[in-house]
Amino acid sequence: MTDEVRRLFDAQERHAWSIEELLQSVRTSLGVADYSSVFRAVSQFEKQGVVDKIDLGDGRARFELRDDHHEHIRCESCGRVEEVPGCVVDDASARVNSLTGFKVTSHRVVFGGLCRDCAAG
């Protein structure tokens, strides 16, 4: 079970997996899987620093392989999530610092919009 969950993250078939999405894919691959086993595998990877938990503002925890910092965009119609390459907020950190006096050490930005498929339909 753990190996299959890791394979799904490594295959990068999807960006920012929910536990439910992982469970469905594991069931498709292996024929059988339960929520608690998939949850334990993801929790183990999170503790090991292999995956990061992200909040995209839709009430569902999602997980992705740990890599370079980047923002996300989520389709407000179908829920599709994609990575925004690089950090588009770095320049804003200096402005936030000058406006507030805070030294910015982290940020989380999720863009919303319509994916190509939903915008076309």
# chains A, B, ... in the order shown; residues from 1 in each chain; ligands from 1
call {"tool": "residues_around", "arguments": {"residues": "Val104 of chain A", "least_positions_apart": "2", "cutoff": "10 Å", "atoms": "only C-alpha atoms", "output": "tab-separated table (two decimals) with N, CA and C atoms, in the first residue's frame"}}
result
chain	number	residue	atom	x	y	z
A	90	ASP	N	7.51	36.81	-4.45
A	90	ASP	CA	8.75	37.27	-3.84
A	90	ASP	C	8.87	38.79	-3.80
A	92	ALA	N	6.55	40.97	-3.68
A	92	ALA	CA	5.57	41.54	-2.76
A	92	ALA	C	6.05	41.46	-1.32
A	93	SER	N	6.93	40.53	-1.00
A	93	SER	CA	7.42	40.39	0.37
A	93	SER	C	8.12	41.65	0.85
A	94	ALA	N	8.91	42.28	-0.01
A	94	ALA	CA	9.60	43.52	0.37
A	94	ALA	C	8.59	44.63	0.63
A	95	ARG	N	7.55	44.68	-0.17
A	95	ARG	CA	6.50	45.70	0.02
A	95	ARG	C	5.76	45.47	1.33
A	96	VAL	N	5.43	44.22	1.63
A	96	VAL	CA	4.76	43.89	2.90
A	96	VAL	C	5.64	44.29	4.07
A	97	ASN	N	6.92	44.02	3.96
A	97	ASN	CA	7.88	44.41	5.00
A	97	ASN	C	7.87	45.92	5.21
A	100	THR	N	4.44	47.03	6.88
A	100	THR	CA	4.09	46.52	8.21
A	100	THR	C	5.24	46.47	9.19
A	101	GLY	N	6.47	46.47	8.69
A	101	GLY	CA	7.62	46.29	9.57
A	101	GLY	C	7.91	44.83	9.87
A	102	PHE	N	7.05	43.93	9.41
A	102	PHE	CA	7.28	42.49	9.60
A	102	PHE	C	8.34	42.00	8.63
A	106	SER	N	7.44	33.53	5.40
A	106	SER	CA	6.69	32.54	4.62
A	106	SER	C	5.42	33.18	4.09
A	107	HIS	N	4.82	32.51	3.14
A	107	HIS	CA	3.53	32.96	2.61
A	107	HIS	C	2.85	31.78	1.92
call {"tool": "residues_around", "arguments": {"residues": "Arg40 of chain A", "least_positions_apart": "5", "cutoff": "9 Å", "atoms": "only C-alpha atoms", "output": "list in words"}}
result
Thr2, Tyr35 and Phe45 of chain A
call {"tool": "select_by_dssp", "arguments": {"residues": "chain A", "states": "strand (DSSP E)", "output": "list in words"}}
result
Trp17, Ser18, Val51, Asp52, Lys53, Ile54, Asp55, Ala61, Arg62, Phe63, Glu64, Leu65, Glu71, His72, Ile73, Arg74, Cys75, Val81, Glu82, Glu83, Val84, Val110, Phe111, Gly112 and Gly113 of chain A
call {"tool": "atom_distance", "arguments": {"atom1": "atom CA of Gln24 of chain A", "atom2": "atom CA of Val110 of chain A"}}
result
25.0 Å
call {"tool": "atom_distance", "arguments": {"atom1": "atom CA of Arg60 of chain A", "atom2": "atom CA of Val42 of chain A"}}
result
14.3 Å
call {"tool": "select_by_dssp", "arguments": {"residues": "chain A", "states": "helix (DSSP H, G or I)", "output": "PyMOL selection string"}}
result
chain A and resi 2-11+19-30+35-47+90-100+116-120
call {"tool": "atom_distance", "arguments": {"atom1": "atom CA of Gly112 of chain A", "atom2": "atom CA of Ile73 of chain A"}}
result
5.5 Å
call {"tool": "residues_around", "arguments": {"residues": "Arg66 of chain A", "least_positions_apart": "6", "cutoff": "9 Å", "atoms": "only C-alpha atoms", "output": "PyMOL selection string"}}
result
chain A and resi 49-52
call {"tool": "write_last_selection", "arguments": {"atoms": "N, CA, C and O atoms", "output": "PDB file, in the first residue's frame"}}
result
ATOM      1  N   GLY A  49       9.216  14.167   5.666  1.00  0.00           N
ATOM      2  CA  GLY A  49       9.574  15.317   4.843  1.00  0.00           C
ATOM      3  C   GLY A  49       9.520  15.043   3.352  1.00  0.00           C
ATOM      4  O   GLY A  49      10.053  15.807   2.556  1.00  0.00           O
ATOM      5  N   VAL A  50       8.862  13.959   2.956  1.00  0.00           N
ATOM      6  CA  VAL A  50       8.752  13.596   1.545  1.00  0.00           C
ATOM      7  C   VAL A  50       7.648  14.408   0.867  1.00  0.00           C
ATOM      8  O   VAL A  50       7.784  14.827  -0.275  1.00  0.00           O
ATOM      9  N   VAL A  51       6.545  14.627   1.586  1.00  0.00           N
ATOM     10  CA  VAL A  51       5.423  15.392   1.043  1.00  0.00           C
ATOM     11  C   VAL A  51       5.097  16.554   1.973  1.00  0.00           C
ATOM     12  O   VAL A  51       5.415  16.522   3.159  1.00  0.00           O
ATOM     13  N   ASP A  52       4.472  17.556   1.408  1.00  0.00           N
ATOM     14  CA  ASP A  52       3.985  18.697   2.169  1.00  0.00           C
ATOM     15  C   ASP A  52       2.464  18.717   2.110  1.00  0.00           C
ATOM     16  O   ASP A  52       1.872  18.390   1.075  1.00  0.00           O
TER      17      ASP A  52
END
call {"tool": "residues_around", "arguments": {"residues": "Arg7 of chain A", "least_positions_apart": "4", "cutoff": "12 Å", "atoms": "only C-alpha atoms", "output": "NGL selection string"}}
result
:A and (1-3 or 11-14 or 22 or 25-26 or 29 or 41-42 or 65)
call {"tool": "closest_residue", "arguments": {"among": "A:Val38, A:Val81, A:Leu114, A:Ala16", "to": "Glu4 of chain A", "atoms": "only C-alpha atoms"}}
result
A:Val38
call {"tool": "closest_residue", "arguments": {"among": "A:Thr28, A:His70, A:Glu21, A:Glu76", "to": "Ile54 of chain A", "atoms": "only C-alpha atoms"}}
result
A:His70
